[in-house]
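K.L.:
Quick one: structure below, then a few questions.
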Amino acid sequence: MATAAELENIANKLRLHVVDMTYEARSGHPGGSLSAADMMAALYFEVMKHDPKNPAWADRDRFVLSKGHVAPVLYAALAEAGYFPVEDLKTLRKIDSKLQGHPVRGKVPGVEMSTGSLGQGLSMACGIALAGKMDGKDYKTICMLGDGELQEGQNWEAAMFARQNKLTNLIAIVDRNRLQITGDTENAVGLEPLPEKWSAFGWQVIIIDGHNMRQILEALDKAYKAKTKPTVIIMKTVKGKGVSFMENNPGFHGKACNSEEYAQAVSELREAIQ
């Protein structure tokens, strides 16, 4: 069983991989990858049932990355967990690499669903969760959503479907960093009051600091024990977390570091790893 401190270290290793990968590729989406790293560390290295040696294990928990553009942090977690060699991370976005800019099912071990068309992940997760119910399986389906993609209506159709079908085995995680490619989410199509919206759709709502590992673990434990409703964890995060000049900077939504920025980012993240 990993301690909170150990998981925090893993999260910062994932962040370092994200910076390395996107710098090597000269493209990618570092900002939202960095904000999601703490949750990814908790899921893949403590909470989820999964087996890197048997990615198709029938009883595994399923993870759907609805905000598929932050594939770098998913690839980093999968590599560190042992699904494929860590060295492969440097091939991000290269021609013929399995690690493309968005996750592709069937190419990357551990990727459950091809994602990146924003707003569709929760619908797919609902289908996976319903299949589990129909098959009498006890696996959980976890879907990570970007807050910007919640501006798309399909999410709310899926939210209604999940409640109607009593998908207590479904956990949605909203990376509430409040920034999308054009800036503040509330200046695009405002989401607030976001917790009340989910509650009105019949979900159990848990609000946490998405960079507090103890809160993350407690929220996931509560979500895993849900008996009457699907659960959404709204994690308040900082886009670009861990790299000073990226934090709360929408310019790094979909832009890699230059060489000078890269050196600073690597220095800061290495210093954060205990």
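Chain labels follow the order of the structure tokens: the first chain is A, the next B, and so on; residue numbering restarts at 1 in every chain, and ligands are counted from 1 in their shown order.
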Residues of segment 72-151 of chain A that have any atom at most 8 Å from an atom of segment 31-44 of chain A: could you tabulate them with the shortest-distance atom pair and the distance in Å to one decimal, using only C-alpha atoms, ordered by chain and increasing number, as a tab-separated table?
P.N.:
residue	atom	partner	partner_atom	distance
A:Pro72	CA	A:Ser33	CA	6.5
A:Val73	CA	A:Ser33	CA	5.1
A:Leu74	CA	A:Met40	CA	7.4
A:Ala77	CA	A:Tyr44	CA	6.7
A:Leu78	CA	A:Tyr44	CA	7.8
A:Ala81	CA	A:Tyr44	CA	7.1
K.L.:
Give me, as a JSON list (two decimals) with N, CA and C atoms, in the first residue's frame, all polymer residues having an atom no more than 8 Å from segment 109-118 of chain A, counting only C-alpha atoms and skipping those fewer than 2 positions away in the same chain.
P.N.:
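File produced: selection04.json:
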[["chain", "number", "residue", "atom", "x", "y", "z"],
["A", 52, "PRO", "N", -0.87, -4.91, -15.46],
["A", 52, "PRO", "CA", -0.09, -4.58, -16.66],
["A", 52, "PRO", "C", 0.31, -5.81, -17.48],
["A", 55, "PRO", "N", -3.53, -6.85, -19.67],
["A", 55, "PRO", "CA", -4.37, -5.66, -19.85],
["A", 55, "PRO", "C", -5.84, -5.98, -20.13],
["A", 56, "ALA", "N", -6.13, -7.17, -20.64],
["A", 56, "ALA", "CA", -7.51, -7.54, -20.96],
["A", 56, "ALA", "C", -8.18, -8.33, -19.83],
["A", 62, "ARG", "N", -12.00, -0.19, -15.31],
["A", 62, "ARG", "CA", -11.81, 0.47, -16.61],
["A", 62, "ARG", "C", -11.64, 1.97, -16.42],
["A", 63, "PHE", "N", -10.63, 2.53, -17.10],
["A", 63, "PHE", "CA", -10.42, 3.98, -17.05],
["A", 63, "PHE", "C", -10.57, 4.57, -18.45],
["A", 64, "VAL", "N", -11.45, 5.56, -18.57],
["A", 64, "VAL", "CA", -11.69, 6.25, -19.83],
["A", 64, "VAL", "C", -11.21, 7.69, -19.68],
["A", 65, "LEU", "N", -10.25, 8.09, -20.50],
["A", 65, "LEU", "CA", -9.76, 9.46, -20.49],
["A", 65, "LEU", "C", -10.56, 10.27, -21.51],
["A", 66, "SER", "N", -11.66, 10.85, -21.05],
["A", 66, "SER", "CA", -12.51, 11.59, -21.98],
["A", 66, "SER", "C", -11.76, 12.78, -22.57],
["A", 67, "LYS", "N", -10.99, 13.48, -21.74],
["A", 67, "LYS", "CA", -10.19, 14.60, -22.28],
["A", 67, "LYS", "C", -8.92, 14.02, -22.88],
["A", 68, "GLY", "N", -9.09, 13.40, -24.05],
["A", 68, "GLY", "CA", -8.04, 12.60, -24.66],
["A", 68, "GLY", "C", -6.79, 13.37, -25.04],
["A", 69, "HIS", "N", -6.88, 14.70, -25.12],
["A", 69, "HIS", "CA", -5.69, 15.47, -25.49],
["A", 69, "HIS", "C", -4.62, 15.43, -24.41],
["A", 78, "LEU", "N", 0.78, 4.65, -17.57],
["A", 78, "LEU", "CA", 0.81, 3.28, -18.08],
["A", 78, "LEU", "C", 2.24, 2.75, -18.16],
["A", 83, "TYR", "N", 3.02, -1.21, -18.36],
["A", 83, "TYR", "CA", 2.30, -1.67, -19.55],
["A", 83, "TYR", "C", 3.19, -1.69, -20.79],
["A", 84, "PHE", "N", 4.17, -0.82, -20.83],
["A", 84, "PHE", "CA", 5.14, -0.80, -21.93],
["A", 84, "PHE", "C", 6.38, -0.07, -21.42],
["A", 102, "HIS", "N", -3.66, 11.50, -29.23],
["A", 102, "HIS", "CA", -4.83, 11.10, -28.46],
["A", 102, "HIS", "C", -4.80, 9.57, -28.34],
["A", 103, "PRO", "N", -5.32, 9.03, -27.24],
["A", 103, "PRO", "CA", -5.23, 7.57, -27.02],
["A", 103, "PRO", "C", -6.01, 6.78, -28.07],
["A", 104, "VAL", "N", -5.42, 5.67, -28.49],
["A", 104, "VAL", "CA", -6.07, 4.81, -29.48],
["A", 104, "VAL", "C", -6.17, 3.39, -28.91],
["A", 105, "ARG", "N", -7.39, 2.93, -28.74],
["A", 105, "ARG", "CA", -7.61, 1.56, -28.26],
["A", 105, "ARG", "C", -7.06, 0.57, -29.29],
["A", 106, "GLY", "N", -6.39, -0.46, -28.79],
["A", 106, "GLY", "CA", -5.84, -1.47, -29.67],
["A", 106, "GLY", "C", -4.40, -1.22, -30.05],
["A", 107, "LYS", "N", -3.94, 0.01, -29.87],
["A", 107, "LYS", "CA", -2.54, 0.33, -30.16],
["A", 107, "LYS", "C", -1.70, 0.38, -28.89],
["A", 120, "GLN", "N", -17.59, 13.05, -25.41],
["A", 120, "GLN", "CA", -18.12, 11.71, -25.69],
["A", 120, "GLN", "C", -17.70, 10.65, -24.68],
["A", 121, "GLY", "N", -16.69, 10.92, -23.90],
["A", 121, "GLY", "CA", -16.13, 9.91, -23.02],
["A", 121, "GLY", "C", -17.10, 9.38, -21.99],
["A", 149, "GLU", "N", -14.96, 20.53, -21.54],
["A", 149, "GLU", "CA", -15.82, 19.66, -22.35],
["A", 149, "GLU", "C", -17.21, 19.49, -21.75],
["A", 152, "GLU", "N", -20.43, 20.74, -23.45],
["A", 152, "GLU", "CA", -21.10, 19.99, -24.52],
["A", 152, "GLU", "C", -22.25, 19.16, -23.94]]
K.L.:
From the set A:Val174, A:Ala129, A:Leu150, A:Val70, which residue has the shortest atom-to-atom contact distance to Glu186 of chain A, counting only C-alpha atoms?
P.N.:
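Using only C-alpha atoms, the shortest distance to Glu186 of chain A belongs to A:Leu150.
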K.L.:
Based on DSSP run over this structure's backbone, return all residues of segment 85-238 of chain A in strand (DSSP E), as JSON, numbers by chain.
P.N.:
{"A": [141, 142, 143, 144, 145, 146, 170, 171, 172, 173, 174, 175, 176, 179, 180, 183, 184, 204, 205, 206, 207, 208, 209, 231, 232, 233, 234, 235, 236]}
K.L.:
Excluding Ala200 of chain A and its own-chain neighbours fewer than 6 positions away, which residues fall within 12 Å of it when counting only C-alpha atoms? Please give them as an MDAnalysis selection string.
P.N.:
chainID A and resid 156 159:160 163 193:194
K.L.:
Hey, which of A:Val108, A:Cys257, A:Ile171, A:Ala162 ends up closest to His29 of chain A? Count only C-alpha atoms.
P.N.:
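Nearest to His29 of chain A: A:Cys257.
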K.L.:
For Leu99 of chain A, please output as an mmCIF file with all heavy atoms, in the first residue's frame all residues within 8 Å (counting only C-alpha atoms; exclusion window: fewer than 6 positions along the same chain).
P.N.:
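Below is the file that was written, part_23.cif:
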data_model
loop_
_atom_site.group_PDB
_atom_site.id
_atom_site.type_symbol
_atom_site.label_atom_id
_atom_site.label_comp_id
_atom_site.auth_asym_id
_atom_site.auth_seq_id
_atom_site.Cartn_x
_atom_site.Cartn_y
_atom_site.Cartn_z
ATOM 1 N N TYR A 75 -0.207 8.056 -20.806
ATOM 2 C CA TYR A 75 0.905 7.237 -21.269
ATOM 3 C C TYR A 75 1.979 7.123 -20.188
ATOM 4 O O TYR A 75 2.563 6.054 -19.986
ATOM 5 C CB TYR A 75 1.526 7.834 -22.531
ATOM 6 C CG TYR A 75 0.626 7.901 -23.733
ATOM 7 C CD1 TYR A 75 0.838 8.855 -24.731
ATOM 8 C CD2 TYR A 75 -0.434 7.013 -23.905
ATOM 9 C CE1 TYR A 75 0.029 8.923 -25.866
ATOM 10 C CE2 TYR A 75 -1.250 7.066 -25.026
ATOM 11 C CZ TYR A 75 -1.014 8.037 -26.002
ATOM 12 O OH TYR A 75 -1.825 8.093 -27.110
ATOM 13 N N LEU A 89 8.134 6.392 -24.210
ATOM 14 C CA LEU A 89 7.467 7.681 -24.040
ATOM 15 C C LEU A 89 8.066 8.757 -24.951
ATOM 16 O O LEU A 89 7.368 9.671 -25.393
ATOM 17 C CB LEU A 89 7.546 8.142 -22.582
ATOM 18 C CG LEU A 89 6.772 7.292 -21.568
ATOM 19 C CD1 LEU A 89 7.016 7.797 -20.151
ATOM 20 C CD2 LEU A 89 5.264 7.297 -21.880
ATOM 21 N N THR A 91 8.697 8.576 -27.887
ATOM 22 C CA THR A 91 8.187 8.479 -29.263
ATOM 23 C C THR A 91 6.844 9.189 -29.425
ATOM 24 O O THR A 91 6.233 9.087 -30.490
ATOM 25 C CB THR A 91 8.027 7.006 -29.687
ATOM 26 O OG1 THR A 91 6.930 6.409 -28.956
ATOM 27 C CG2 THR A 91 9.294 6.222 -29.432
ATOM 28 N N LEU A 92 6.391 9.896 -28.411
ATOM 29 C CA LEU A 92 5.104 10.588 -28.489
ATOM 30 C C LEU A 92 4.956 11.377 -29.790
ATOM 31 O O LEU A 92 5.837 12.143 -30.172
ATOM 32 C CB LEU A 92 4.962 11.560 -27.310
ATOM 33 C CG LEU A 92 3.688 12.422 -27.310
ATOM 34 C CD1 LEU A 92 2.462 11.578 -26.986
ATOM 35 C CD2 LEU A 92 3.822 13.585 -26.322
ATOM 36 N N ARG A 93 3.852 11.124 -30.478
ATOM 37 C CA ARG A 93 3.479 11.857 -31.692
ATOM 38 C C ARG A 93 4.421 11.637 -32.882
ATOM 39 O O ARG A 93 4.300 12.323 -33.899
ATOM 40 C CB ARG A 93 3.347 13.366 -31.406
ATOM 41 C CG ARG A 93 2.148 13.690 -30.533
ATOM 42 C CD ARG A 93 2.014 15.189 -30.267
ATOM 43 N NE ARG A 93 0.699 15.473 -29.689
ATOM 44 C CZ ARG A 93 -0.191 16.341 -30.187
ATOM 45 N NH1 ARG A 93 0.109 17.025 -31.274
ATOM 46 N NH2 ARG A 93 -1.352 16.542 -29.595
ATOM 47 N N LYS A 107 -3.938 0.009 -29.869
ATOM 48 C CA LYS A 107 -2.535 0.335 -30.155
ATOM 49 C C LYS A 107 -1.698 0.377 -28.890
ATOM 50 O O LYS A 107 -0.527 -0.003 -28.895
ATOM 51 C CB LYS A 107 -2.425 1.684 -30.878
ATOM 52 C CG LYS A 107 -2.674 1.622 -32.370
ATOM 53 C CD LYS A 107 -2.107 2.855 -33.044
ATOM 54 C CE LYS A 107 -2.113 2.685 -34.569
ATOM 55 N NZ LYS A 107 -1.411 3.805 -35.237
ATOM 56 N N VAL A 108 -2.287 0.866 -27.816
ATOM 57 C CA VAL A 108 -1.550 1.059 -26.572
ATOM 58 C C VAL A 108 -2.116 0.142 -25.497
ATOM 59 O O VAL A 108 -3.299 0.247 -25.157
ATOM 60 C CB VAL A 108 -1.639 2.527 -26.094
ATOM 61 C CG1 VAL A 108 -0.758 2.728 -24.861
ATOM 62 C CG2 VAL A 108 -1.242 3.482 -27.205
#
K.L.:
Would you kindly return, as a PyMOL selection string, each protein, DNA or RNA residue with an atom no farther than 9 Å from any atom of Asp20 of chain A, considering only C-alpha atoms and excluding same-chain residues fewer than 2 positions away?
P.N.:
chain A and resi 15-18+22-25+89-90+262+266
K.L.:
Counting only C-alpha atoms, what is within 7 Å of segment 248-254 of chain A, bar same-chain residues fewer than 6 positions away, as a PyMOL selection string?
P.N.:
chain A and resi 28-32+179-181+183+238-240
K.L.:
Residues of the last selection are to be written out with N, CA, C and O atoms, as a PDB file, in the first residue's frame.
P.N.:
ATOM      1  N   GLY A  28       1.945  18.923 -28.201  1.00  0.00           N
ATOM      2  CA  GLY A  28       1.208  18.177 -27.186  1.00  0.00           C
ATOM      3  C   GLY A  28       0.492  19.109 -26.230  1.00  0.00           C
ATOM      4  O   GLY A  28       0.467  20.324 -26.418  1.00  0.00           O
ATOM      5  N   HIS A  29      -0.067  18.531 -25.191  1.00  0.00           N
ATOM      6  CA  HIS A  29      -0.907  19.284 -24.257  1.00  0.00           C
ATOM      7  C   HIS A  29      -0.401  19.099 -22.829  1.00  0.00           C
ATOM      8  O   HIS A  29      -0.922  18.254 -22.077  1.00  0.00           O
ATOM      9  N   PRO A  30       0.584  19.891 -22.425  1.00  0.00           N
ATOM     10  CA  PRO A  30       1.138  19.714 -21.079  1.00  0.00           C
ATOM     11  C   PRO A  30       0.253  20.249 -19.954  1.00  0.00           C
ATOM     12  O   PRO A  30       0.189  19.645 -18.878  1.00  0.00           O
ATOM     13  N   GLY A  31      -0.433  21.375 -20.160  1.00  0.00           N
ATOM     14  CA  GLY A  31      -1.154  22.036 -19.073  1.00  0.00           C
ATOM     15  C   GLY A  31      -2.139  21.140 -18.347  1.00  0.00           C
ATOM     16  O   GLY A  31      -2.085  20.975 -17.120  1.00  0.00           O
ATOM     17  N   GLY A  32      -3.067  20.560 -19.084  1.00  0.00           N
ATOM     18  CA  GLY A  32      -4.075  19.685 -18.489  1.00  0.00           C
ATOM     19  C   GLY A  32      -3.530  18.347 -18.070  1.00  0.00           C
ATOM     20  O   GLY A  32      -4.120  17.668 -17.215  1.00  0.00           O
ATOM     21  N   LEU A 179      -9.651  26.343 -16.877  1.00  0.00           N
ATOM     22  CA  LEU A 179      -9.072  26.917 -18.100  1.00  0.00           C
ATOM     23  C   LEU A 179      -9.261  25.967 -19.268  1.00  0.00           C
ATOM     24  O   LEU A 179      -9.106  24.753 -19.135  1.00  0.00           O
ATOM     25  N   GLN A 180      -9.591  26.536 -20.421  1.00  0.00           N
ATOM     26  CA  GLN A 180      -9.627  25.788 -21.665  1.00  0.00           C
ATOM     27  C   GLN A 180      -8.768  26.545 -22.665  1.00  0.00           C
ATOM     28  O   GLN A 180      -8.128  27.550 -22.309  1.00  0.00           O
ATOM     29  N   ILE A 181      -8.742  26.111 -23.901  1.00  0.00           N
ATOM     30  CA  ILE A 181      -7.777  26.673 -24.849  1.00  0.00           C
ATOM     31  C   ILE A 181      -7.953  28.184 -25.045  1.00  0.00           C
ATOM     32  O   ILE A 181      -6.988  28.905 -25.298  1.00  0.00           O
ATOM     33  N   GLY A 183      -9.098  30.269 -22.696  1.00  0.00           N
ATOM     34  CA  GLY A 183      -9.012  30.991 -21.431  1.00  0.00           C
ATOM     35  C   GLY A 183      -9.972  30.436 -20.390  1.00  0.00           C
ATOM     36  O   GLY A 183     -10.252  29.242 -20.359  1.00  0.00           O
ATOM     37  N   VAL A 238      -4.970  23.136 -10.565  1.00  0.00           N
ATOM     38  CA  VAL A 238      -4.241  24.229 -11.208  1.00  0.00           C
ATOM     39  C   VAL A 238      -3.693  23.710 -12.524  1.00  0.00           C
ATOM     40  O   VAL A 238      -2.909  22.750 -12.551  1.00  0.00           O
ATOM     41  N   LYS A 239      -4.119  24.317 -13.612  1.00  0.00           N
ATOM     42  CA  LYS A 239      -3.580  23.913 -14.913  1.00  0.00           C
ATOM     43  C   LYS A 239      -2.073  24.189 -14.926  1.00  0.00           C
ATOM     44  O   LYS A 239      -1.614  25.249 -14.504  1.00  0.00           O
ATOM     45  N   GLY A 240      -1.299  23.214 -15.397  1.00  0.00           N
ATOM     46  CA  GLY A 240       0.150  23.371 -15.418  1.00  0.00           C
ATOM     47  C   GLY A 240       0.813  23.140 -14.074  1.00  0.00           C
ATOM     48  O   GLY A 240       1.981  23.505 -13.888  1.00  0.00           O
TER      49      GLY A 240
END
K.L.:
Which residues are near Gln215 of chain A? Cut-off 12 Å, only C-alpha atoms, ignore same chain within fewer than 2 positions. Put them as a list of chain:residue names.
P.N.:
A:Ala4, A:Asp38, A:Met39, A:Ala42, A:Ile206, A:Ile207, A:Ile208, A:Asp209, A:Gly210, A:His211, A:Asn212, A:Met213, A:Leu217, A:Glu218, A:Ala219, A:Leu220, A:Asp221, A:Lys222, A:Ile233, A:Ile234, A:Met235, A:Lys236
K.L.:
As a PyMOL selection string, which residues of segment 25-130 of chain A does DSSP assign to helix (DSSP H, G or I)?
P.N.:
chain A and resi 25+30-47+68-81+86-91+121-130
K.L.:
Suppose you want the space between atom CA of Ser27 of chain A and atom CA of Lys255 of chain A; what is it in Å?
P.N.:
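Atom-to-atom, atom CA of Ser27 of chain A and atom CA of Lys255 of chain A are spaced 5.7 Å apart.
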K.L.:
In terms of the shortest atom-to-atom distance over only C-alpha atoms, which of A:Val243, A:Ala256, A:Leu122, A:Ala79 is closest to Ile10 of chain A?
P.N.:
A:Ala79
K.L.:
Could you state the separation of atom CA of Lys229 of chain A and atom CA of Asp147 of chain A in Å, given to one decimal place?
P.N.:
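Rounded to one decimal, the two atoms are 21.1 Å apart.
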